[in-house]
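A.B. asks: Structure provided below as structure tokens; questions to follow.
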Amino acid sequence: MRIGELSKATGIPVPTIKYYLREGLLAPGELTSPNQASYGEAHLRRLRLIRALVDLAQVPVAQVKEIVDSLDADDIPLHDQIGRTHRALTPTRKPTASPEARAAAAVEVNALLTRRGWTVEPEAPALTTLIETVAALRSLGQDNLVSFLDAYAEAVERFTQLEVQAVSAPTRDQLAESVVIGTILGETLISSLRLLAHESTSAKLWR
């Protein structure tokens, strides 16, 4: 298809597609003449992924470039490929807890990982976020929420296994893209369900 048809199929304006091409987020089409190019199914998939990252996950274009570069890195294991995208998706947060509170929270979180048997890289941004969150909860007197860590982890592990097992794609590229999109939409899905459950529980208890 030509770029106009690609725009119509994805709902992304032609100037935006051209911008993605210039920035290297989208591979060039196959030249059919000096001023015309043809685009295929791979371009459709990649544009849908970019749109999910930019519009749904609010990922800056520079980080989107990092993610698509990781997806195109066929020389690394699929686990590492997906890990790179997860790290690009995780926002970097400034530490707010005191060193003492952070150290105590780190001990608590690492004990949780050991109990669950989770394999996590020490530099994972989500690990830092979890430690900071536990430290903040403790400092705010929300020890009861911290006591639910194991229950939270068990629930998260259960639905994460379901998500990963549900992903199937004919090619490695499509598999990696599916995991990334599932991560983005899964976050939105879980957050929405949690808010609705909170509202329902509150209505039953305190209305």
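We name chains A, B, ... following the order of the structure tokens; residues begin at 1 in each chain, and ligands are numbered from 1 as shown.
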Write out as JSON lines a residue-level contact list of region 47-77 of chain A versus region 2-19 of chain A with cut-off 12 Å: for each qualifying residue the closest pair of atoms and the distance in Å to one decimal, counting only C-alpha atoms, rows sorted by chain and residue number upward.

C.D. replies:
```
{"residue": "A:Leu47", "atom": "CA", "partner": "A:Thr10", "partner_atom": "CA", "distance": 7.1}
{"residue": "A:Arg48", "atom": "CA", "partner": "A:Thr10", "partner_atom": "CA", "distance": 6.8}
{"residue": "A:Leu49", "atom": "CA", "partner": "A:Thr10", "partner_atom": "CA", "distance": 10.5}
{"residue": "A:Ile50", "atom": "CA", "partner": "A:Ile12", "partner_atom": "CA", "distance": 10.2}
{"residue": "A:Arg51", "atom": "CA", "partner": "A:Ile12", "partner_atom": "CA", "distance": 8.1}
{"residue": "A:Ala52", "atom": "CA", "partner": "A:Thr10", "partner_atom": "CA", "distance": 11.3}
{"residue": "A:Val54", "atom": "CA", "partner": "A:Ile12", "partner_atom": "CA", "distance": 11.7}
{"residue": "A:Asp55", "atom": "CA", "partner": "A:Ile12", "partner_atom": "CA", "distance": 11.2}
{"residue": "A:Val61", "atom": "CA", "partner": "A:Tyr19", "partner_atom": "CA", "distance": 10.5}
```

A.B. asks: For Arg84 (chain A), please output as a VMD selection string all residues within 8 Å (counting only C-alpha atoms; exclusion window: fewer than 4 positions along the same chain).

C.D. replies: chain A and resid 67 70 80 88

A.B. asks: Any chance you could tabulate, as a tab-separated table, the residues of region 96-185 of chain A at most 12 Å from region 38-42 of chain A with each one's nearest atom pair and distance in Å to one decimal, using only C-alpha atoms, in chain and rising number order?

C.D. replies:
```
residue	atom	partner	partner_atom	distance
A:Thr171	CA	A:Ala42	CA	11.2
A:Asp173	CA	A:Ala42	CA	9.4
A:Gln174	CA	A:Ala42	CA	9.0
A:Glu177	CA	A:Ala42	CA	11.0
```

A.B. asks: Using only C-alpha atoms, which residues sit within 10 Å of Arg87 (chain A) once same-chain residues fewer than 6 positions away are excluded, as a list in words?

C.D. replies: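 Listing them by chain and then by number gives Gln63, Glu66, Ile67, Glu123, Ala124, Pro125 and Ala126 of chain A.
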
A.B. asks: Where does DSSP see alpha helix (DSSP H) in chain A, if you list the residues as a VMD selection string?

C.D. replies: chain A and resid 3 to 10 14 to 23 41 to 51 61 to 71 78 to 89 99 to 116 125 to 139 143 to 146 149 to 166 172 to 206

A.B. asks: For Gln58 (chain A), which residue out of A:Ala97, A:Leu145, A:Ala111, A:Leu185 is the nearest one, using only C-alpha atoms?

C.D. replies: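 Smallest separation from Gln58 (chain A) among the options: A:Leu185.
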
A.B. asks: So that I can see what lies close to Thr160 (chain A), please list as a ChimeraX atom specification the residues with an atom at most 10 Å from it, counting only C-alpha atoms and leaving out residues fewer than 6 positions away in the same chain.

C.D. replies: /A:154,166,183,186

A.B. asks: Can you pull out every residue within 10 Å of region 128-138 of chain A, counting only C-alpha atoms, but drop anything in the same chain fewer than 4 positions away, and send it as a PyMOL selection string?

C.D. replies: chain A and resi 90-110+122-124+142-146+149

A.B. asks: One decimal, Å: what's the distance from CA of Leu21 (chain A) over to CA of Leu71 (chain A), could you say?

C.D. replies: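 Computed distance, CA of Leu21 (chain A) to CA of Leu71 (chain A), equals 16.3 Å.
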
A.B. asks: What's the separation between CA of Leu78 (chain A) and CA of Arg172 (chain A), in Å to one decimal place?

C.D. replies: 7.8 Å
